[in-house]
Amino acid sequence: MKRTLRSDRTFFLLITAVLCCIILAAGGRSISIDRRGIVHAMGIDPCENGYRVSLQIFQPAGSGSDTAVDVTGANVAVAVSEGKTVSEALSAADSSTGKELFFGHLQLICLGSGIALDDPPELFSFALGGKNISPSADICMTQGKAEDLMQLKLTEDETSAEALSSLISTSAEYSRTINCDLKSLLSDEGSAAMPVLEVISNGDTDSSSADTPSISESVRVAGTAVVTREGKSLLTENAALSAALLSGKADKGSVVTILDGKSVTSQLDNCRRYRTITLENGRLILRTNITVSARPDHELDPQQSKRLSIVTAQALASDCTALQSEMFQSGADIFGTSQLIKQRYPKLWLKYRDAPEKLLSAVEAHVNITVKVV
Amino acid sequence: MTKQKLSPAELICLLLCARSFTTLTLFPVGITGGLTYMTGALISTILQAFLLIPASKLAAQTRNDPCTLAFGRSKNYGKAVTIAFLLYFIYEAFRDIGDLAYFTDYFFAVNMTRVMTVLCVALATVYGARLTISVLGRTASITFAGVIIMLAIIAAGAAEDMEITRFDYAVNNLPAELAMAVYAEFSRCECLALFSFLAADIDGDPEKASKHYLISKGVIIMIIAAMVTSVLGTFAFAEKLPVFTLAAASENLITERSDAVFLLIWVMTGIVKLTTLLYCSARCLRLLRPSTSHIGSVLLAGSLPTAAALPLLLGYGWEKVIYSPRPAAPIIVLALIIPAFLLIDSPKSNHESEV
C-alpha cells in the first residue's frame, strides 16, 4: 500500500514537473537566427539631423542554404540610418532592416573625419549602456566619410569587417599605426591615437573589379590620428614607428639607415620599453629606455654590425625625442605619460587634473635606445 | 541520527562562493580607484581576522551553532538569537534572488522574463536547500574550482592589456576613500555571519578554517580587483558591471570574448550562495518551531524572500536596492557580539547541562 502511494505521488510529481517546464518555456520569447542582424562593423558620420550611422550586417552569400558562407563574396549587407544621437540612429536601423540587431560581434567602429571627439563618453553612450558591445572593439577614423568605408564590400576574409580589422591589426603589428579600442578611448589616460583609413577612389570602372575589390586597391592606412581637446592631428607612417616605440605598443617595424654609403633596411622586433619619471628642480624628468633587436638585410661583419647598431639607435632616438617633445608641447599625451605621473606623483597629477597640458609642458623627455643587431 | 559534517575545505569553498558572487556582480558604489579598493579590502580582511575570533573559538569549544547554544541557555534568548540570524539570512536571500533575476535580465536581454528567472532560481535553490550540508559543500567545491578556472581564462585573454601604471592612489582624500572602501568591503561580507552559523558543522578546527578562509578571501578579492584595474583602469568604475566588462574584453584564440564563461560561473556561485542562505534559514525555522517538517521549513524559507523581491523586480524598482548601502551592523552582531556573549557564558552552560 505504501509503495503504491509513493509511486502514485512520484508519477503525479513527474507530470506536474513536465507541465511546469512546458508552461514556463512558453512564457519566454525566442528570436530565430535569421531574424537577427549580426552587426560586424559600424560607421558614424555627422549629418544635419545629428548622426548618420552605417552598419555592416552579416548576410551569408551562399546559394542553396541559409547559413553557408561564400568566401568569394563579401557576406555583408549595409544599412544606413540617421538620428539625433547614435543610439536613436541604431534604433531606427532596427526597424529599417526589419531585424533585431545584435552587437555582440561588433569588431570595428569607424568615425568619419567630421566627428567631434571632445566628449567620447557622450558619443559612445550607446556602447556604454549596451551590454553587448565589447570594450575591445577596434576604433578607427576615416579620411572622408565612414559610410564610404562601410559601403566597401571586401572579399579578402569571410566578411568585409574582418578584412578591415586584419588590415588595422597587421599595420599596428608592424608599427605603421597605433591600435585603439573602446576601453582605451573611454578611459581617462591621456589623448587617444587611432588608425586613419582612406578609401582609394578607383578611377577604372572595370565592372569585375568593382564588384569584388581587393583590399589593397580599395583602402589603405593613411596615418594615425591623435585626438586632443583642441582637435585632431595626423601622424604620418614614418612617425608612427616612433609613436609605437614610445607608447610601448611596438611589436615589429622596419627602419632604413645609411651605412658606408649604402641603405640598410633593418627589421625590428622584440621591442621593450622601460620608463622612469623623477621630479628634479621643479621639472619632471622622463627617461624612456627602449631596447630593440634589428635584423639587417645585408650581411655585416662585427664592426659593421656595431656601427649599424649605433647609427640606428641614434636615428631612432632622434626621431622619438623630436616626436615626444612635439606632442608634449601641443598637450597631446599618447604615450601614457600622464598615467605614469598619476601613479608616481598622485598629488601633482590631481593638482593639474583639469589642465594636463600644463603638466606635460613641464616634462623634460630623454630617450635612450639600445639596438641589438642579430 | 548523526549530524552531517563539512570538511574545512568545503566550508571555505562555500563561503568563498558566497563572497565571490557579490564581487563578481558589482563593486561597491562610490569607489573610484582600483588600488584604493584593494587596499581597503586588505585592511578589512585583517580586521575581520580579529572579528571572527569569538565565533571560531565558540565553534571549536562547543561544536554547536550559536542558535542551539542560545536555546540551551534560555528559550527566549534562543528565540531572539535565532530570529536575528533568520532575518539576516532572509534579507540576504532577498537581495540575492533579486540580483540574480535583475542581472540575468540585463545580461540575457529579452528571452527570459524576470518572473521566470525568479521561479527557476527559487525552485532550484529550494531543492538544493533540502539536501544535507555536506552535499552543499561538495557542490561549492566544484563551483569554486570553476571560479578559479574562469579567472585564469579571463586573465590569459586580457594579459596583453594589463598595465601596471593603472594602480595609483590619485584620489582627493585618501584616508576618507580608504575608510569608505574598508566599510564597503566589510558590509558585503555576509559570509562572516554564515561562518558564525556553520563553523560548528565542520569536522576540523574552526580556528584554522577561519584563518584559511580569510586569507583565501583576501587573495581572491585582490586578484579580481587587480585584474579589473590593470586592464580597464578608470573605465572599470564608469561601467556598471566591471568584472563582466573585463570578461567581455578578454579575447583568446578560441573565443572573442569570455563573458559566457563568466555568466556560467556567476550563476553557479549565485545559486550556491542562495542555497546556503535558504538552508541556514530553514534550520533557524526548525529551531523556532521544531514541529515544522524539513520540506515545510525550506519552502517557507524560499518563498519569503521570493515574495519580497518579486514586486520590486516587476515594478522595475530593483535599482534602488542595488545602490542602497548594505548594513554592517548585523554582521557585527551575528559574527562578533552574539558569539562573544555565548563564549563568555559557555563554560557555565556546559557545567549546568552536566548537572
# chains A, B, ... in the order shown; residues from 1 in each chain; ligands from 1

$ interface_residues --of "chain B" --to "chain A" --cutoff "8 Å" --atoms "only C-alpha atoms" --output "PDB file with N, CA and C atoms, in the first residue's frame"
ATOM      1  N   TYR B 106      19.420  41.605 -17.454  1.00  0.00           N
ATOM      2  CA  TYR B 106      20.324  42.592 -18.046  1.00  0.00           C
ATOM      3  C   TYR B 106      21.283  41.917 -19.023  1.00  0.00           C
ATOM      4  N   PHE B 107      21.843  40.752 -18.608  1.00  0.00           N
ATOM      5  CA  PHE B 107      22.832  40.074 -19.444  1.00  0.00           C
ATOM      6  C   PHE B 107      22.190  39.419 -20.657  1.00  0.00           C
ATOM      7  N   VAL B 110      16.124  39.785 -23.726  1.00  0.00           N
ATOM      8  CA  VAL B 110      14.674  39.667 -23.602  1.00  0.00           C
ATOM      9  C   VAL B 110      14.148  38.248 -23.511  1.00  0.00           C
ATOM     10  N   ASN B 111      15.018  37.251 -23.523  1.00  0.00           N
ATOM     11  CA  ASN B 111      14.482  35.908 -23.691  1.00  0.00           C
ATOM     12  C   ASN B 111      13.830  35.312 -22.455  1.00  0.00           C
ATOM     13  N   MET B 112      14.170  35.805 -21.292  1.00  0.00           N
ATOM     14  CA  MET B 112      13.533  35.266 -20.080  1.00  0.00           C
ATOM     15  C   MET B 112      12.921  36.412 -19.291  1.00  0.00           C
ATOM     16  N   THR B 113      11.684  36.242 -18.901  1.00  0.00           N
ATOM     17  CA  THR B 113      11.065  37.277 -18.061  1.00  0.00           C
ATOM     18  C   THR B 113      11.607  37.132 -16.648  1.00  0.00           C
ATOM     19  N   MET B 116      10.013  34.331 -14.563  1.00  0.00           N
ATOM     20  CA  MET B 116      10.539  33.002 -14.865  1.00  0.00           C
ATOM     21  C   MET B 116      11.886  32.781 -14.200  1.00  0.00           C
ATOM     22  N   THR B 165      50.851  50.704 -14.572  1.00  0.00           N
ATOM     23  CA  THR B 165      50.714  52.119 -14.209  1.00  0.00           C
ATOM     24  C   THR B 165      49.267  52.477 -13.844  1.00  0.00           C
ATOM     25  N   ARG B 166      48.341  51.568 -14.048  1.00  0.00           N
ATOM     26  CA  ARG B 166      46.948  51.864 -13.703  1.00  0.00           C
ATOM     27  C   ARG B 166      46.681  51.745 -12.204  1.00  0.00           C
ATOM     28  N   PHE B 167      47.659  51.271 -11.458  1.00  0.00           N
ATOM     29  CA  PHE B 167      47.492  51.212  -9.997  1.00  0.00           C
ATOM     30  C   PHE B 167      48.007  52.515  -9.409  1.00  0.00           C
ATOM     31  N   ASP B 168      47.133  53.331  -8.860  1.00  0.00           N
ATOM     32  CA  ASP B 168      47.556  54.612  -8.305  1.00  0.00           C
ATOM     33  C   ASP B 168      46.636  55.001  -7.159  1.00  0.00           C
ATOM     34  N   TYR B 169      47.151  55.931  -6.342  1.00  0.00           N
ATOM     35  CA  TYR B 169      46.372  56.459  -5.222  1.00  0.00           C
ATOM     36  C   TYR B 169      45.913  57.889  -5.515  1.00  0.00           C
ATOM     37  N   ALA B 170      45.631  58.191  -6.757  1.00  0.00           N
ATOM     38  CA  ALA B 170      45.236  59.561  -7.121  1.00  0.00           C
ATOM     39  C   ALA B 170      43.766  59.795  -6.797  1.00  0.00           C
ATOM     40  N   VAL B 171      43.468  59.955  -5.524  1.00  0.00           N
ATOM     41  CA  VAL B 171      42.116  60.291  -5.081  1.00  0.00           C
ATOM     42  C   VAL B 171      42.228  61.524  -4.202  1.00  0.00           C
ATOM     43  N   ASN B 172      41.120  62.270  -4.124  1.00  0.00           N
ATOM     44  CA  ASN B 172      41.182  63.566  -3.457  1.00  0.00           C
ATOM     45  C   ASN B 172      41.477  63.465  -1.971  1.00  0.00           C
ATOM     46  N   LEU B 232      41.280  47.566 -17.242  1.00  0.00           N
ATOM     47  CA  LEU B 232      40.310  48.592 -17.630  1.00  0.00           C
ATOM     48  C   LEU B 232      40.626  49.977 -17.081  1.00  0.00           C
ATOM     49  N   GLY B 233      41.379  50.065 -15.994  1.00  0.00           N
ATOM     50  CA  GLY B 233      41.719  51.376 -15.426  1.00  0.00           C
ATOM     51  C   GLY B 233      40.489  52.114 -14.967  1.00  0.00           C
ATOM     52  N   THR B 234      40.433  53.404 -15.273  1.00  0.00           N
ATOM     53  CA  THR B 234      39.301  54.226 -14.810  1.00  0.00           C
ATOM     54  C   THR B 234      38.006  53.841 -15.521  1.00  0.00           C
ATOM     55  N   PHE B 235      38.112  53.188 -16.675  1.00  0.00           N
ATOM     56  CA  PHE B 235      36.927  52.759 -17.412  1.00  0.00           C
ATOM     57  C   PHE B 235      36.102  51.780 -16.592  1.00  0.00           C
ATOM     58  N   GLU B 239      31.813  51.858 -15.664  1.00  0.00           N
ATOM     59  CA  GLU B 239      30.890  50.820 -16.115  1.00  0.00           C
ATOM     60  C   GLU B 239      30.107  50.252 -14.941  1.00  0.00           C
ATOM     61  N   THR B 245      32.438  43.427 -17.724  1.00  0.00           N
ATOM     62  CA  THR B 245      33.098  44.196 -18.781  1.00  0.00           C
ATOM     63  C   THR B 245      34.493  43.631 -19.054  1.00  0.00           C
ATOM     64  N   ALA B 248      34.106  40.548 -21.018  1.00  0.00           N
ATOM     65  CA  ALA B 248      33.746  40.848 -22.415  1.00  0.00           C
ATOM     66  C   ALA B 248      34.961  41.337 -23.202  1.00  0.00           C
ATOM     67  N   ALA B 249      35.925  41.951 -22.508  1.00  0.00           N
ATOM     68  CA  ALA B 249      37.117  42.470 -23.187  1.00  0.00           C
ATOM     69  C   ALA B 249      38.206  41.414 -23.321  1.00  0.00           C
ATOM     70  N   SER B 250      38.024  40.260 -22.707  1.00  0.00           N
ATOM     71  CA  SER B 250      39.081  39.243 -22.696  1.00  0.00           C
ATOM     72  C   SER B 250      38.954  38.355 -23.927  1.00  0.00           C
ATOM     73  N   ARG B 257      35.321  36.678 -26.822  1.00  0.00           N
ATOM     74  CA  ARG B 257      35.050  37.276 -25.531  1.00  0.00           C
ATOM     75  C   ARG B 257      34.739  36.172 -24.530  1.00  0.00           C
TER      76      ARG B 257
END

$ residues_around --residues "A:Ile258" --least-positions-apart "5" --cutoff "9 Å" --atoms "only C-alpha atoms" --output "PDB file with N, CA and C atoms, in the first residue's frame"
ATOM      1  N   SER A 263      72.206  51.965 -48.220  1.00  0.00           N
ATOM      2  CA  SER A 263      70.980  51.950 -47.420  1.00  0.00           C
ATOM      3  C   SER A 263      70.770  50.541 -46.896  1.00  0.00           C
ATOM      4  N   VAL A 264      70.705  50.444 -45.600  1.00  0.00           N
ATOM      5  CA  VAL A 264      70.500  49.133 -44.963  1.00  0.00           C
ATOM      6  C   VAL A 264      69.127  49.158 -44.289  1.00  0.00           C
ATOM      7  N   THR A 265      68.285  48.203 -44.701  1.00  0.00           N
ATOM      8  CA  THR A 265      66.955  48.091 -44.078  1.00  0.00           C
ATOM      9  C   THR A 265      67.037  47.038 -42.986  1.00  0.00           C
ATOM     10  N   LEU A 308      76.266  49.862 -37.250  1.00  0.00           N
ATOM     11  CA  LEU A 308      74.841  49.910 -37.618  1.00  0.00           C
ATOM     12  C   LEU A 308      73.984  50.087 -36.369  1.00  0.00           C
ATOM     13  N   VAL A 311      74.288  53.722 -35.251  1.00  0.00           N
ATOM     14  CA  VAL A 311      73.621  54.658 -36.178  1.00  0.00           C
ATOM     15  C   VAL A 311      72.099  54.515 -36.072  1.00  0.00           C
ATOM     16  N   THR A 312      71.630  53.273 -36.026  1.00  0.00           N
ATOM     17  CA  THR A 312      70.176  53.038 -35.948  1.00  0.00           C
ATOM     18  C   THR A 312      69.630  53.583 -34.637  1.00  0.00           C
TER      19      THR A 312
END

$ select_by_dssp --residues "stretch 118-302 of chain B" --states "alpha helix (DSSP H)" --output "PDB file with C-alpha atoms, in the first residue's frame"
ATOM      1  CA  VAL B 118      12.891  34.100 -10.061  1.00  0.00           C
ATOM      2  CA  LEU B 119      10.782  30.928 -10.220  1.00  0.00           C
ATOM      3  CA  CYS B 120      13.591  28.852 -11.730  1.00  0.00           C
ATOM      4  CA  VAL B 121      16.123  30.154  -9.216  1.00  0.00           C
ATOM      5  CA  ALA B 122      13.760  29.687  -6.286  1.00  0.00           C
ATOM      6  CA  LEU B 123      12.861  26.126  -7.310  1.00  0.00           C
ATOM      7  CA  ALA B 124      16.497  25.174  -7.820  1.00  0.00           C
ATOM      8  CA  THR B 125      17.644  26.634  -4.525  1.00  0.00           C
ATOM      9  CA  VAL B 126      14.711  25.240  -2.526  1.00  0.00           C
ATOM     10  CA  TYR B 127      15.538  21.812  -3.922  1.00  0.00           C
ATOM     11  CA  GLY B 128      19.201  22.302  -3.023  1.00  0.00           C
ATOM     12  CA  ALA B 129      18.397  23.549   0.469  1.00  0.00           C
ATOM     13  CA  ARG B 130      16.575  20.279   1.202  1.00  0.00           C
ATOM     14  CA  ILE B 133      25.223  20.452   4.233  1.00  0.00           C
ATOM     15  CA  SER B 134      27.860  18.006   3.012  1.00  0.00           C
ATOM     16  CA  VAL B 135      26.196  17.930  -0.427  1.00  0.00           C
ATOM     17  CA  LEU B 136      26.200  21.736  -0.494  1.00  0.00           C
ATOM     18  CA  GLY B 137      29.846  21.697   0.464  1.00  0.00           C
ATOM     19  CA  ARG B 138      30.786  19.381  -2.400  1.00  0.00           C
ATOM     20  CA  THR B 139      28.800  21.493  -4.852  1.00  0.00           C
ATOM     21  CA  ALA B 140      30.546  24.601  -3.591  1.00  0.00           C
ATOM     22  CA  SER B 141      33.961  22.962  -4.046  1.00  0.00           C
ATOM     23  CA  ILE B 142      33.213  22.228  -7.697  1.00  0.00           C
ATOM     24  CA  THR B 143      31.818  25.723  -8.205  1.00  0.00           C
ATOM     25  CA  PHE B 144      34.830  27.369  -6.647  1.00  0.00           C
ATOM     26  CA  ALA B 145      37.117  25.348  -8.899  1.00  0.00           C
ATOM     27  CA  GLY B 146      35.080  26.857 -11.730  1.00  0.00           C
ATOM     28  CA  VAL B 147      35.738  30.343 -10.327  1.00  0.00           C
ATOM     29  CA  ILE B 148      39.485  29.745 -10.442  1.00  0.00           C
ATOM     30  CA  ILE B 149      39.324  28.393 -13.992  1.00  0.00           C
ATOM     31  CA  MET B 150      37.199  31.331 -15.100  1.00  0.00           C
ATOM     32  CA  LEU B 151      39.619  33.868 -13.601  1.00  0.00           C
ATOM     33  CA  ALA B 152      42.521  32.092 -15.302  1.00  0.00           C
ATOM     34  CA  ILE B 153      40.753  32.199 -18.687  1.00  0.00           C
ATOM     35  CA  ILE B 154      39.921  35.878 -18.316  1.00  0.00           C
ATOM     36  CA  ALA B 155      43.433  36.759 -17.134  1.00  0.00           C
ATOM     37  CA  ALA B 156      45.051  34.861 -20.011  1.00  0.00           C
ATOM     38  CA  GLY B 157      42.844  36.617 -22.549  1.00  0.00           C
ATOM     39  CA  ALA B 158      43.354  40.086 -21.109  1.00  0.00           C
ATOM     40  CA  LEU B 174      42.909  59.193   0.511  1.00  0.00           C
ATOM     41  CA  PRO B 175      42.132  58.438   4.193  1.00  0.00           C
ATOM     42  CA  ALA B 176      38.397  59.043   3.645  1.00  0.00           C
ATOM     43  CA  GLU B 177      38.368  56.945   0.470  1.00  0.00           C
ATOM     44  CA  LEU B 178      40.219  54.134   2.244  1.00  0.00           C
ATOM     45  CA  ALA B 179      37.786  54.239   5.149  1.00  0.00           C
ATOM     46  CA  MET B 180      34.879  54.112   2.714  1.00  0.00           C
ATOM     47  CA  ALA B 181      36.456  51.153   0.929  1.00  0.00           C
ATOM     48  CA  VAL B 182      37.040  49.317   4.234  1.00  0.00           C
ATOM     49  CA  TYR B 183      33.442  49.859   5.328  1.00  0.00           C
ATOM     50  CA  ALA B 184      32.002  48.986   1.908  1.00  0.00           C
ATOM     51  CA  GLU B 185      34.032  45.790   1.744  1.00  0.00           C
ATOM     52  CA  PHE B 186      33.059  44.821   5.287  1.00  0.00           C
ATOM     53  CA  SER B 187      29.347  45.393   4.703  1.00  0.00           C
ATOM     54  CA  CYS B 191      29.892  35.230   4.643  1.00  0.00           C
ATOM     55  CA  LEU B 192      31.044  36.114   8.185  1.00  0.00           C
ATOM     56  CA  ALA B 193      27.534  35.565   9.543  1.00  0.00           C
ATOM     57  CA  LEU B 194      27.410  32.299   7.580  1.00  0.00           C
ATOM     58  CA  PHE B 195      30.723  31.267   9.124  1.00  0.00           C
ATOM     59  CA  SER B 196      29.428  32.025  12.588  1.00  0.00           C
ATOM     60  CA  PHE B 197      26.412  29.789  11.920  1.00  0.00           C
ATOM     61  CA  LEU B 198      28.124  26.920  10.087  1.00  0.00           C
ATOM     62  CA  PRO B 206      37.232  26.086  13.097  1.00  0.00           C
ATOM     63  CA  GLU B 207      40.004  28.481  14.153  1.00  0.00           C
ATOM     64  CA  LYS B 208      42.318  27.250  11.434  1.00  0.00           C
ATOM     65  CA  ALA B 209      39.422  27.221   8.988  1.00  0.00           C
ATOM     66  CA  SER B 210      38.650  30.882   9.736  1.00  0.00           C
ATOM     67  CA  LYS B 211      42.276  31.898   9.117  1.00  0.00           C
ATOM     68  CA  HIS B 212      42.479  29.942   5.881  1.00  0.00           C
ATOM     69  CA  TYR B 213      39.156  31.347   4.778  1.00  0.00           C
ATOM     70  CA  LEU B 214      40.120  34.965   5.395  1.00  0.00           C
ATOM     71  CA  ILE B 215      43.458  34.553   3.626  1.00  0.00           C
ATOM     72  CA  SER B 216      41.747  32.923   0.619  1.00  0.00           C
ATOM     73  CA  LYS B 217      39.032  35.565   0.563  1.00  0.00           C
ATOM     74  CA  GLY B 218      41.543  38.390   0.678  1.00  0.00           C
ATOM     75  CA  VAL B 219      43.545  36.843  -2.140  1.00  0.00           C
ATOM     76  CA  ILE B 220      40.522  36.257  -4.387  1.00  0.00           C
ATOM     77  CA  ILE B 221      39.115  39.764  -3.895  1.00  0.00           C
ATOM     78  CA  MET B 222      42.518  41.321  -4.537  1.00  0.00           C
ATOM     79  CA  ILE B 223      43.044  39.218  -7.674  1.00  0.00           C
ATOM     80  CA  ILE B 224      39.660  40.183  -9.112  1.00  0.00           C
ATOM     81  CA  ALA B 225      40.156  43.868  -8.291  1.00  0.00           C
ATOM     82  CA  ALA B 226      43.721  43.825  -9.632  1.00  0.00           C
ATOM     83  CA  MET B 227      42.664  42.245 -12.910  1.00  0.00           C
ATOM     84  CA  VAL B 228      39.859  44.746 -13.416  1.00  0.00           C
ATOM     85  CA  THR B 229      42.075  47.716 -12.535  1.00  0.00           C
ATOM     86  CA  SER B 230      45.099  46.694 -14.578  1.00  0.00           C
ATOM     87  CA  VAL B 231      43.080  46.006 -17.727  1.00  0.00           C
ATOM     88  CA  LEU B 232      40.310  48.592 -17.630  1.00  0.00           C
ATOM     89  CA  PHE B 235      36.927  52.759 -17.412  1.00  0.00           C
ATOM     90  CA  ALA B 236      36.081  49.992 -14.929  1.00  0.00           C
ATOM     91  CA  PHE B 237      34.491  52.371 -12.472  1.00  0.00           C
ATOM     92  CA  ALA B 238      32.494  54.129 -15.173  1.00  0.00           C
ATOM     93  CA  PRO B 242      33.282  45.882 -14.041  1.00  0.00           C
ATOM     94  CA  VAL B 243      34.003  42.142 -13.945  1.00  0.00           C
ATOM     95  CA  PHE B 244      31.503  41.426 -16.711  1.00  0.00           C
ATOM     96  CA  THR B 245      33.098  44.196 -18.781  1.00  0.00           C
ATOM     97  CA  LEU B 246      36.520  42.668 -18.155  1.00  0.00           C
ATOM     98  CA  ALA B 247      35.244  39.269 -19.284  1.00  0.00           C
ATOM     99  CA  ALA B 248      33.746  40.848 -22.415  1.00  0.00           C
ATOM    100  CA  ALA B 249      37.117  42.470 -23.187  1.00  0.00           C
ATOM    101  CA  ASP B 259      31.626  36.725 -20.805  1.00  0.00           C
ATOM    102  CA  ALA B 260      29.803  33.433 -21.452  1.00  0.00           C
ATOM    103  CA  VAL B 261      32.197  31.636 -19.071  1.00  0.00           C
ATOM    104  CA  PHE B 262      31.778  34.467 -16.593  1.00  0.00           C
ATOM    105  CA  LEU B 263      27.985  34.197 -16.701  1.00  0.00           C
ATOM    106  CA  LEU B 264      28.064  30.430 -16.174  1.00  0.00           C
ATOM    107  CA  ILE B 265      30.227  30.750 -13.076  1.00  0.00           C
ATOM    108  CA  TRP B 266      28.330  33.803 -11.847  1.00  0.00           C
ATOM    109  CA  VAL B 267      25.028  31.914 -11.962  1.00  0.00           C
ATOM    110  CA  MET B 268      26.580  28.897 -10.222  1.00  0.00           C
ATOM    111  CA  THR B 269      28.047  30.967  -7.398  1.00  0.00           C
ATOM    112  CA  GLY B 270      24.737  32.780  -7.013  1.00  0.00           C
ATOM    113  CA  ILE B 271      22.816  29.513  -6.771  1.00  0.00           C
ATOM    114  CA  VAL B 272      25.296  28.087  -4.232  1.00  0.00           C
ATOM    115  CA  LYS B 273      25.070  31.234  -2.112  1.00  0.00           C
ATOM    116  CA  LEU B 274      21.309  31.359  -2.222  1.00  0.00           C
ATOM    117  CA  THR B 275      21.004  27.645  -1.455  1.00  0.00           C
ATOM    118  CA  THR B 276      23.232  28.053   1.581  1.00  0.00           C
ATOM    119  CA  LEU B 277      21.220  31.011   2.834  1.00  0.00           C
ATOM    120  CA  LEU B 278      17.955  29.084   2.439  1.00  0.00           C
ATOM    121  CA  TYR B 279      19.460  26.041   4.151  1.00  0.00           C
ATOM    122  CA  CYS B 280      20.513  28.174   7.106  1.00  0.00           C
ATOM    123  CA  SER B 281      17.133  29.962   7.188  1.00  0.00           C
ATOM    124  CA  ALA B 282      15.296  26.618   7.169  1.00  0.00           C
ATOM    125  CA  ARG B 283      17.431  25.412  10.084  1.00  0.00           C
ATOM    126  CA  CYS B 284      16.551  28.564  12.006  1.00  0.00           C
ATOM    127  CA  LEU B 285      12.847  27.997  11.298  1.00  0.00           C
ATOM    128  CA  ARG B 286      13.060  24.404  12.566  1.00  0.00           C
ATOM    129  CA  LEU B 287      14.767  25.651  15.725  1.00  0.00           C
ATOM    130  CA  LEU B 288      11.967  28.149  16.287  1.00  0.00           C
ATOM    131  CA  HIS B 294      12.053  19.681   6.747  1.00  0.00           C
ATOM    132  CA  ILE B 295      10.374  20.394   3.406  1.00  0.00           C
ATOM    133  CA  GLY B 296       7.969  22.864   5.000  1.00  0.00           C
ATOM    134  CA  SER B 297      10.776  24.916   6.532  1.00  0.00           C
ATOM    135  CA  VAL B 298      12.693  25.001   3.248  1.00  0.00           C
ATOM    136  CA  LEU B 299       9.608  26.049   1.257  1.00  0.00           C
ATOM    137  CA  LEU B 300       8.849  28.818   3.728  1.00  0.00           C
ATOM    138  CA  ALA B 301      12.478  29.986   3.717  1.00  0.00           C
ATOM    139  CA  GLY B 302      12.386  30.110  -0.085  1.00  0.00           C
TER     140      GLY B 302
END

$ select_by_dssp --residues "stretch 23-201 of chain A" --states "strand (DSSP E)" --output "PyMOL selection string"
chain A and resi 36-47+50-58+76-83+100-102+108-111+138-142+192-199

$ atom_distance --atom1 "atom CA of A:Lys262" --atom2 "atom CA of A:Glu299"
12.3 Å

$ atom_distance --atom1 "atom CA of B:Thr117" --atom2 "atom CA of A:Ile23"
13.6 Å

$ residues_around --residues "A:Thr288" --least-positions-apart "4" --cutoff "9 Å" --atoms "only C-alpha atoms" --output "VMD selection string"
chain A and resid 246 273 to 277 365 to 369

$ atom_distance --atom1 "atom CA of A:Phe12" --atom2 "atom CA of B:Leu310"
28.2 Å
